[in-house]
>>> print(open('model27.txt').read())   # compact mmCIF, N, CA and C atoms
# COMPACT_ATOMS: atom_id res chain seq x y z
N MET A 1 7.37 -44.59 18.22
CA MET A 1 6.08 -44.85 17.63
C MET A 1 5.94 -44.05 16.33
N SER A 2 5.49 -44.71 15.29
CA SER A 2 5.29 -44.02 14.01
C SER A 2 4.11 -43.07 14.10
N THR A 3 4.27 -41.93 13.48
CA THR A 3 3.20 -40.94 13.38
C THR A 3 3.11 -40.48 11.93
N LEU A 4 2.05 -39.76 11.64
CA LEU A 4 1.85 -39.24 10.28
C LEU A 4 2.09 -37.75 10.24
N THR A 5 2.53 -37.28 9.09
CA THR A 5 2.57 -35.86 8.80
C THR A 5 2.10 -35.67 7.37
N PHE A 6 1.89 -34.42 7.02
CA PHE A 6 1.40 -34.08 5.69
C PHE A 6 2.44 -33.21 4.99
N GLY A 7 2.61 -33.46 3.70
CA GLY A 7 3.52 -32.65 2.91
C GLY A 7 2.94 -32.33 1.54
N ILE A 8 3.41 -31.26 0.99
CA ILE A 8 3.07 -30.90 -0.39
C ILE A 8 4.37 -30.60 -1.13
N ILE A 9 4.51 -31.17 -2.31
CA ILE A 9 5.54 -30.74 -3.24
C ILE A 9 4.84 -29.68 -4.09
N LYS A 10 5.24 -28.43 -3.89
CA LYS A 10 4.50 -27.28 -4.41
C LYS A 10 4.66 -27.11 -5.93
N PRO A 11 3.77 -26.28 -6.52
CA PRO A 11 3.79 -26.10 -7.98
C PRO A 11 5.14 -25.70 -8.56
N ASP A 12 5.94 -24.91 -7.85
CA ASP A 12 7.24 -24.51 -8.39
C ASP A 12 8.15 -25.71 -8.58
N ALA A 13 8.14 -26.62 -7.60
CA ALA A 13 9.00 -27.81 -7.69
C ALA A 13 8.50 -28.78 -8.75
N VAL A 14 7.17 -28.90 -8.89
CA VAL A 14 6.62 -29.77 -9.93
C VAL A 14 6.92 -29.19 -11.31
N ARG A 15 6.73 -27.86 -11.46
CA ARG A 15 7.03 -27.20 -12.75
C ARG A 15 8.49 -27.42 -13.15
N ALA A 16 9.38 -27.42 -12.18
CA ALA A 16 10.81 -27.60 -12.45
C ALA A 16 11.18 -29.08 -12.66
N GLY A 17 10.21 -29.98 -12.49
CA GLY A 17 10.48 -31.41 -12.69
C GLY A 17 11.21 -32.06 -11.53
N ASN A 18 11.11 -31.47 -10.34
CA ASN A 18 11.86 -31.99 -9.19
C ASN A 18 11.07 -32.92 -8.28
N GLN A 19 9.82 -33.23 -8.62
CA GLN A 19 9.02 -34.05 -7.72
C GLN A 19 9.63 -35.44 -7.51
N GLY A 20 10.19 -36.05 -8.52
CA GLY A 20 10.80 -37.37 -8.37
C GLY A 20 12.03 -37.33 -7.47
N LYS A 21 12.85 -36.30 -7.63
CA LYS A 21 14.03 -36.14 -6.78
C LYS A 21 13.62 -35.93 -5.33
N ILE A 22 12.56 -35.16 -5.12
CA ILE A 22 12.09 -34.91 -3.75
C ILE A 22 11.52 -36.19 -3.15
N VAL A 23 10.75 -36.96 -3.90
CA VAL A 23 10.23 -38.23 -3.40
C VAL A 23 11.38 -39.18 -3.06
N ASP A 24 12.41 -39.22 -3.89
CA ASP A 24 13.58 -40.04 -3.59
C ASP A 24 14.20 -39.65 -2.26
N ARG A 25 14.31 -38.35 -2.01
CA ARG A 25 14.89 -37.86 -0.75
C ARG A 25 14.01 -38.23 0.44
N ILE A 26 12.69 -38.17 0.26
CA ILE A 26 11.75 -38.54 1.31
C ILE A 26 11.95 -40.01 1.69
N LEU A 27 12.02 -40.86 0.68
CA LEU A 27 12.22 -42.30 0.93
C LEU A 27 13.58 -42.57 1.55
N ALA A 28 14.62 -41.88 1.06
CA ALA A 28 15.97 -42.06 1.61
C ALA A 28 16.04 -41.64 3.07
N ALA A 29 15.18 -40.71 3.47
CA ALA A 29 15.16 -40.24 4.86
C ALA A 29 14.35 -41.17 5.77
N GLY A 30 13.86 -42.27 5.22
CA GLY A 30 13.19 -43.28 6.04
C GLY A 30 11.69 -43.11 6.21
N PHE A 31 11.09 -42.22 5.45
CA PHE A 31 9.63 -42.08 5.51
C PHE A 31 8.95 -43.17 4.71
N ASN A 32 7.79 -43.60 5.17
CA ASN A 32 6.89 -44.45 4.39
C ASN A 32 5.83 -43.53 3.81
N ILE A 33 5.56 -43.67 2.53
CA ILE A 33 4.51 -42.87 1.89
C ILE A 33 3.20 -43.65 2.04
N ARG A 34 2.29 -43.11 2.82
CA ARG A 34 0.99 -43.74 3.07
C ARG A 34 -0.07 -43.28 2.08
N GLY A 35 0.16 -42.11 1.46
CA GLY A 35 -0.74 -41.58 0.45
C GLY A 35 0.01 -40.56 -0.39
N MET A 36 -0.25 -40.58 -1.71
CA MET A 36 0.42 -39.63 -2.59
C MET A 36 -0.43 -39.46 -3.84
N LYS A 37 -0.65 -38.21 -4.23
CA LYS A 37 -1.34 -37.98 -5.50
C LYS A 37 -0.98 -36.62 -6.06
N LEU A 38 -1.03 -36.57 -7.39
CA LEU A 38 -0.81 -35.34 -8.13
C LEU A 38 -2.17 -34.68 -8.29
N ILE A 39 -2.27 -33.42 -7.88
CA ILE A 39 -3.53 -32.69 -7.97
C ILE A 39 -3.26 -31.30 -8.55
N HIS A 40 -4.32 -30.65 -8.98
CA HIS A 40 -4.24 -29.24 -9.37
C HIS A 40 -5.40 -28.56 -8.66
N GLN A 41 -5.08 -27.86 -7.58
CA GLN A 41 -6.10 -27.19 -6.78
C GLN A 41 -6.70 -26.00 -7.52
N THR A 42 -7.99 -25.78 -7.30
CA THR A 42 -8.60 -24.53 -7.73
C THR A 42 -8.20 -23.46 -6.71
N ARG A 43 -8.44 -22.22 -7.04
CA ARG A 43 -8.16 -21.13 -6.10
C ARG A 43 -9.00 -21.32 -4.84
N LYS A 44 -10.25 -21.71 -5.01
CA LYS A 44 -11.16 -21.91 -3.88
C LYS A 44 -10.65 -23.04 -2.96
N GLN A 45 -10.15 -24.13 -3.53
CA GLN A 45 -9.59 -25.22 -2.73
C GLN A 45 -8.35 -24.75 -1.96
N ALA A 46 -7.49 -24.00 -2.61
CA ALA A 46 -6.30 -23.47 -1.94
C ALA A 46 -6.70 -22.51 -0.83
N GLU A 47 -7.71 -21.70 -1.06
CA GLU A 47 -8.19 -20.79 -0.01
C GLU A 47 -8.74 -21.56 1.18
N GLY A 48 -9.43 -22.68 0.91
CA GLY A 48 -9.93 -23.53 1.99
C GLY A 48 -8.81 -24.15 2.79
N PHE A 49 -7.80 -24.66 2.10
CA PHE A 49 -6.67 -25.29 2.78
C PHE A 49 -5.90 -24.29 3.63
N TYR A 50 -5.68 -23.09 3.11
CA TYR A 50 -4.90 -22.08 3.81
C TYR A 50 -5.77 -21.07 4.57
N ALA A 51 -7.02 -21.45 4.89
CA ALA A 51 -7.96 -20.53 5.56
C ALA A 51 -7.38 -19.95 6.85
N VAL A 52 -6.53 -20.70 7.53
CA VAL A 52 -5.91 -20.23 8.76
C VAL A 52 -5.11 -18.94 8.53
N HIS A 53 -4.67 -18.71 7.29
CA HIS A 53 -3.87 -17.53 6.95
C HIS A 53 -4.70 -16.44 6.25
N ALA A 54 -6.02 -16.57 6.26
CA ALA A 54 -6.89 -15.67 5.48
C ALA A 54 -6.68 -14.20 5.79
N GLU A 55 -6.33 -13.86 7.01
CA GLU A 55 -6.14 -12.46 7.39
C GLU A 55 -4.72 -11.96 7.15
N ARG A 56 -3.84 -12.84 6.74
CA ARG A 56 -2.44 -12.45 6.55
C ARG A 56 -2.26 -11.75 5.21
N PRO A 57 -1.31 -10.83 5.12
CA PRO A 57 -1.14 -10.07 3.88
C PRO A 57 -0.72 -10.92 2.67
N PHE A 58 -0.12 -12.07 2.91
CA PHE A 58 0.36 -12.91 1.81
C PHE A 58 -0.68 -13.92 1.33
N PHE A 59 -1.89 -13.93 1.91
CA PHE A 59 -2.90 -14.94 1.60
C PHE A 59 -3.24 -15.01 0.11
N GLY A 60 -3.50 -13.89 -0.51
CA GLY A 60 -3.87 -13.87 -1.93
C GLY A 60 -2.76 -14.41 -2.81
N GLU A 61 -1.54 -13.96 -2.55
CA GLU A 61 -0.38 -14.42 -3.32
C GLU A 61 -0.16 -15.92 -3.12
N LEU A 62 -0.32 -16.37 -1.88
CA LEU A 62 -0.12 -17.79 -1.56
C LEU A 62 -1.14 -18.66 -2.28
N THR A 63 -2.40 -18.30 -2.20
CA THR A 63 -3.44 -19.14 -2.81
C THR A 63 -3.38 -19.07 -4.33
N GLU A 64 -2.98 -17.94 -4.87
CA GLU A 64 -2.79 -17.85 -6.32
C GLU A 64 -1.66 -18.79 -6.76
N PHE A 65 -0.55 -18.75 -6.03
CA PHE A 65 0.59 -19.63 -6.34
C PHE A 65 0.21 -21.10 -6.21
N MET A 66 -0.46 -21.46 -5.12
CA MET A 66 -0.77 -22.88 -4.87
C MET A 66 -1.80 -23.43 -5.86
N SER A 67 -2.54 -22.55 -6.53
CA SER A 67 -3.49 -23.00 -7.56
C SER A 67 -2.94 -22.76 -8.97
N SER A 68 -1.68 -22.38 -9.09
CA SER A 68 -1.09 -22.03 -10.38
C SER A 68 -0.66 -23.23 -11.22
N GLY A 69 -0.63 -24.41 -10.61
CA GLY A 69 -0.20 -25.60 -11.34
C GLY A 69 -0.31 -26.81 -10.46
N PRO A 70 -0.02 -27.98 -11.02
CA PRO A 70 -0.11 -29.22 -10.24
C PRO A 70 0.87 -29.24 -9.06
N CYS A 71 0.48 -29.96 -8.03
CA CYS A 71 1.35 -30.22 -6.90
C CYS A 71 1.13 -31.67 -6.45
N VAL A 72 2.03 -32.16 -5.64
CA VAL A 72 1.93 -33.53 -5.12
C VAL A 72 1.64 -33.44 -3.63
N VAL A 73 0.51 -34.05 -3.21
CA VAL A 73 0.18 -34.09 -1.79
C VAL A 73 0.58 -35.45 -1.24
N LEU A 74 1.08 -35.45 0.01
CA LEU A 74 1.66 -36.65 0.59
C LEU A 74 1.23 -36.85 2.04
N ALA A 75 0.91 -38.07 2.39
CA ALA A 75 0.76 -38.47 3.78
C ALA A 75 1.98 -39.32 4.09
N LEU A 76 2.78 -38.87 5.04
CA LEU A 76 4.08 -39.49 5.32
C LEU A 76 4.10 -40.06 6.72
N GLU A 77 4.71 -41.23 6.86
CA GLU A 77 4.78 -41.90 8.16
C GLU A 77 6.23 -42.16 8.54
N LYS A 78 6.51 -41.88 9.80
CA LYS A 78 7.85 -42.13 10.34
C LYS A 78 7.77 -41.88 11.83
N GLU A 79 8.72 -42.38 12.58
CA GLU A 79 8.79 -42.02 13.99
C GLU A 79 9.01 -40.52 14.09
N ASN A 80 8.21 -39.85 14.92
CA ASN A 80 8.29 -38.38 15.06
C ASN A 80 8.23 -37.70 13.70
N ALA A 81 7.21 -38.05 12.92
CA ALA A 81 7.12 -37.61 11.52
C ALA A 81 7.11 -36.09 11.35
N VAL A 82 6.38 -35.38 12.20
CA VAL A 82 6.28 -33.92 12.02
C VAL A 82 7.65 -33.26 12.13
N PRO A 83 8.38 -33.44 13.24
CA PRO A 83 9.69 -32.78 13.30
C PRO A 83 10.69 -33.34 12.28
N ALA A 84 10.59 -34.63 11.97
CA ALA A 84 11.52 -35.21 10.99
C ALA A 84 11.30 -34.60 9.60
N TRP A 85 10.04 -34.41 9.21
CA TRP A 85 9.73 -33.81 7.91
C TRP A 85 10.14 -32.34 7.89
N ARG A 86 9.89 -31.62 8.98
CA ARG A 86 10.26 -30.21 9.03
C ARG A 86 11.79 -30.05 8.93
N GLU A 87 12.51 -30.96 9.54
CA GLU A 87 13.97 -30.92 9.45
C GLU A 87 14.44 -31.18 8.02
N LEU A 88 13.82 -32.17 7.35
CA LEU A 88 14.19 -32.48 5.97
C LEU A 88 13.85 -31.31 5.04
N MET A 89 12.72 -30.63 5.31
CA MET A 89 12.33 -29.49 4.47
C MET A 89 13.32 -28.34 4.58
N GLY A 90 13.71 -27.99 5.80
CA GLY A 90 14.59 -26.85 6.02
C GLY A 90 13.79 -25.59 6.29
N ALA A 91 14.50 -24.51 6.56
CA ALA A 91 13.88 -23.22 6.90
C ALA A 91 13.00 -22.72 5.75
N THR A 92 11.95 -21.98 6.11
CA THR A 92 11.03 -21.42 5.12
C THR A 92 11.76 -20.60 4.07
N ASN A 93 12.73 -19.81 4.50
CA ASN A 93 13.55 -19.03 3.59
C ASN A 93 14.71 -19.91 3.11
N PRO A 94 14.73 -20.27 1.83
CA PRO A 94 15.80 -21.17 1.36
C PRO A 94 17.20 -20.62 1.57
N ALA A 95 17.34 -19.29 1.64
CA ALA A 95 18.66 -18.70 1.89
C ALA A 95 19.15 -19.02 3.30
N GLU A 96 18.22 -19.30 4.21
CA GLU A 96 18.57 -19.63 5.60
C GLU A 96 18.51 -21.14 5.87
N ALA A 97 18.09 -21.91 4.88
CA ALA A 97 17.95 -23.36 5.06
C ALA A 97 19.32 -24.03 5.12
N ALA A 98 19.40 -25.06 5.94
CA ALA A 98 20.66 -25.80 6.10
C ALA A 98 20.98 -26.58 4.83
N GLU A 99 22.29 -26.77 4.61
CA GLU A 99 22.73 -27.61 3.49
C GLU A 99 22.09 -28.99 3.63
N GLY A 100 21.71 -29.56 2.49
CA GLY A 100 21.13 -30.90 2.49
C GLY A 100 19.63 -30.93 2.68
N THR A 101 19.01 -29.77 2.95
CA THR A 101 17.56 -29.74 3.10
C THR A 101 16.90 -29.54 1.72
N LEU A 102 15.62 -29.91 1.65
CA LEU A 102 14.90 -29.79 0.39
C LEU A 102 14.79 -28.35 -0.08
N ARG A 103 14.53 -27.43 0.84
CA ARG A 103 14.39 -26.04 0.44
C ARG A 103 15.72 -25.44 0.00
N LYS A 104 16.81 -25.84 0.62
CA LYS A 104 18.13 -25.35 0.20
C LYS A 104 18.40 -25.79 -1.23
N GLU A 105 18.02 -27.02 -1.54
CA GLU A 105 18.33 -27.59 -2.86
C GLU A 105 17.33 -27.20 -3.94
N PHE A 106 16.03 -27.12 -3.59
CA PHE A 106 15.01 -27.00 -4.64
C PHE A 106 14.20 -25.71 -4.63
N ALA A 107 14.30 -24.89 -3.59
CA ALA A 107 13.45 -23.69 -3.50
C ALA A 107 14.14 -22.46 -4.06
N ALA A 108 13.32 -21.55 -4.61
CA ALA A 108 13.85 -20.32 -5.19
C ALA A 108 13.67 -19.12 -4.28
N SER A 109 12.64 -19.14 -3.44
CA SER A 109 12.35 -17.96 -2.62
C SER A 109 11.48 -18.36 -1.44
N ILE A 110 11.21 -17.41 -0.54
CA ILE A 110 10.32 -17.68 0.59
C ILE A 110 8.93 -18.05 0.07
N GLY A 111 8.46 -17.36 -0.96
CA GLY A 111 7.13 -17.60 -1.50
C GLY A 111 7.03 -18.89 -2.30
N GLU A 112 8.06 -19.19 -3.05
CA GLU A 112 8.08 -20.42 -3.85
C GLU A 112 9.18 -21.31 -3.28
N ASN A 113 8.82 -21.99 -2.19
CA ASN A 113 9.83 -22.72 -1.43
C ASN A 113 9.71 -24.24 -1.50
N ALA A 114 9.20 -24.73 -2.61
CA ALA A 114 9.24 -26.14 -3.03
C ALA A 114 8.35 -27.10 -2.25
N VAL A 115 8.28 -26.98 -0.93
CA VAL A 115 7.54 -27.96 -0.13
C VAL A 115 6.79 -27.30 1.02
N HIS A 116 5.75 -27.97 1.46
CA HIS A 116 4.97 -27.57 2.64
C HIS A 116 4.98 -28.74 3.60
N GLY A 117 4.91 -28.44 4.88
CA GLY A 117 4.78 -29.48 5.89
C GLY A 117 3.97 -29.03 7.08
N SER A 118 3.26 -29.96 7.67
CA SER A 118 2.46 -29.66 8.86
C SER A 118 3.37 -29.22 10.00
N ASP A 119 2.82 -28.37 10.87
CA ASP A 119 3.59 -27.87 12.00
C ASP A 119 3.26 -28.57 13.31
N SER A 120 2.29 -29.50 13.29
CA SER A 120 1.93 -30.25 14.49
C SER A 120 1.19 -31.53 14.06
N GLU A 121 1.12 -32.50 14.96
CA GLU A 121 0.37 -33.71 14.65
C GLU A 121 -1.11 -33.40 14.45
N GLU A 122 -1.64 -32.45 15.23
CA GLU A 122 -3.05 -32.07 15.09
C GLU A 122 -3.32 -31.49 13.71
N ASN A 123 -2.47 -30.57 13.28
CA ASN A 123 -2.64 -29.98 11.95
C ASN A 123 -2.38 -31.00 10.85
N ALA A 124 -1.47 -31.93 11.07
CA ALA A 124 -1.22 -32.98 10.09
C ALA A 124 -2.50 -33.78 9.85
N ALA A 125 -3.20 -34.13 10.91
CA ALA A 125 -4.44 -34.90 10.78
C ALA A 125 -5.48 -34.11 9.98
N ILE A 126 -5.60 -32.82 10.26
CA ILE A 126 -6.54 -31.96 9.53
C ILE A 126 -6.15 -31.85 8.06
N GLU A 127 -4.87 -31.63 7.80
CA GLU A 127 -4.39 -31.44 6.44
C GLU A 127 -4.48 -32.72 5.63
N ILE A 128 -4.16 -33.85 6.22
CA ILE A 128 -4.29 -35.14 5.52
C ILE A 128 -5.75 -35.36 5.15
N ALA A 129 -6.66 -35.11 6.08
CA ALA A 129 -8.09 -35.32 5.84
C ALA A 129 -8.63 -34.38 4.76
N TYR A 130 -7.99 -33.24 4.56
CA TYR A 130 -8.43 -32.29 3.53
C TYR A 130 -8.24 -32.88 2.13
N PHE A 131 -7.19 -33.68 1.95
CA PHE A 131 -6.84 -34.19 0.63
C PHE A 131 -7.03 -35.70 0.44
N PHE A 132 -7.11 -36.46 1.54
CA PHE A 132 -7.19 -37.92 1.41
C PHE A 132 -8.37 -38.48 2.17
N SER A 133 -9.04 -39.45 1.57
CA SER A 133 -10.04 -40.22 2.32
C SER A 133 -9.30 -41.35 3.03
N LYS A 134 -9.93 -41.96 4.02
CA LYS A 134 -9.29 -43.08 4.74
C LYS A 134 -8.94 -44.21 3.77
N LEU A 135 -9.75 -44.41 2.74
CA LEU A 135 -9.51 -45.44 1.74
C LEU A 135 -8.21 -45.22 0.97
N GLU A 136 -7.79 -43.96 0.84
CA GLU A 136 -6.60 -43.63 0.08
C GLU A 136 -5.31 -43.73 0.89
N LEU A 137 -5.42 -43.94 2.19
CA LEU A 137 -4.24 -44.06 3.04
C LEU A 137 -3.96 -45.54 3.26
N VAL A 138 -2.82 -45.98 2.79
CA VAL A 138 -2.49 -47.41 2.88
C VAL A 138 -1.33 -47.65 3.84
>>> encode(input="model27.txt", output="structure tokens")
Amino acid sequence: MSTLTFGIIKPDAVRAGNQGKIVDRILAAGFNIRGMKLIHQTRKQAEGFYAVHAERPFFGELTEFMSSGPCVVLALEKENAVPAWRELMGATNPAEAAEGTLRKEFAASIGENAVHGSDSEENAAIEIAYFFSKLELV
């Protein structure tokens, strides 16, 4: 059964001009893109999205980075979309990411690791709703 997940092509990957290459890899991996847009979050919007991490020591750095430039937000559909997207992304630390993953190929560091992905179907629904209206999901 097809399910949805949420992804972000982060500002570092967009700044480097890799968003097209990453979208190509997403499509090649069999995902259907149900929603996609280029946005530039304010610091306040990034803080709202990452509110779950508000007490973590990296929160300020994370929200500053995520509001530092444009990013691409994505609603992705595939069978078992959440684990499939997490596998395509690779480990959070690009040095530990498997060959052929997006983070191995496009990420520079743990902090600037090219892509974000939901960790559960429940969080995917919340994250998709944060950036997309039902009208924008096709």
>>> atom_distance(input="model27.txt", atom1="atom C of Arg56 of chain A", atom2="atom N of Ser109 of chain A")
18.7 Å
>>> closest_residue(input="model27.txt", among="A:Gly111, A:Arg34, A:Arg86, A:His40", to="Leu62 of chain A", atoms="all atoms listed in the file")
A:Gly111
>>> closest_residue(input="model27.txt", among="A:Gly69, A:Glu77, A:Lys104, A:Ser120", to="Leu27 of chain A", atoms="only C-alpha atoms")
A:Glu77
>>> closest_residue(input="model27.txt", among="A:Gly35, A:Glu61, A:Val115, A:Val52", to="Phe132 of chain A", atoms="only N, CA and C atoms")
A:Gly35
>>> atom_distance(input="model27.txt", atom1="atom CA of Ile39 of chain A", atom2="atom CA of Tyr130 of chain A")
12.5 Å
>>> closest_residue(input="model27.txt", among="A:Ala13, A:Leu135, A:Pro83, A:Tyr50", to="Glu105 of chain A", atoms="only C-alpha atoms")
A:Ala13
>>> residues_around(input="model27.txt", residues="Ile128 of chain A", least_positions_apart="2", cutoff="9 Å", atoms="only C-alpha atoms", output="list of chain:residue names")
A:Leu4, A:Thr5, A:Phe6, A:Gly7, A:Gly35, A:Val73, A:Leu74, A:Ala75, A:Asn123, A:Ala124, A:Ala125, A:Ile126, A:Tyr130, A:Phe131, A:Phe132, A:Ser133
>>> atom_distance(input="model27.txt", atom1="atom CA of Gly20 of chain A", atom2="atom CA of Val72 of chain A")
10.2 Å
>>> select_by_dssp(input="model27.txt", residues="segment 8-138 of chain A", states="strand (DSSP E)", output="PyMOL selection string")
chain A and resi 8-9+32-39+71-79+115-117
>>> residues_around(input="model27.txt", residues="Met1 of chain A", least_positions_apart="6", cutoff="6.5 Å", atoms="all atoms listed in the file", output="list of chain:residue names")
A:Lys78, A:Glu79, A:Asn80
>>> closest_residue(input="model27.txt", among="A:Met36, A:Leu76, A:Ala108, A:Ala114", to="Pro11 of chain A", atoms="only N, CA and C atoms")
A:Ala114
>>> closest_residue(input="model27.txt", among="A:Asn18, A:Ser118, A:Glu127, A:Asn113", to="Glu96 of chain A", atoms="only C-alpha atoms")
A:Asn113
>>> residues_near_point(input="model27.txt", point="(-4.3, -18.5, -1.9)", cutoff="8 Å", atoms="only C-alpha atoms", output="list in words")
Arg43, Lys44, Ala46, Glu47, Tyr50, Phe59, Gly60, Glu61, Leu62, Thr63, Glu64, Phe65, Met66 and Ser67 of chain A
>>> select_by_dssp(input="model27.txt", residues="chain A", states="helix (DSSP H, G or I)", output="VMD selection string")
chain A and resid 11 to 15 19 to 28 43 to 49 51 to 53 59 to 66 81 to 89 102 to 106 121 to 131 134 to 136
>>> residues_around(input="model27.txt", residues="Ile110 of chain A", least_positions_apart="3", cutoff="10 Å", atoms="only C-alpha atoms", output="JSON, numbers by chain")
{"A": [91, 92, 93, 94, 95, 96, 103, 107, 113, 114]}
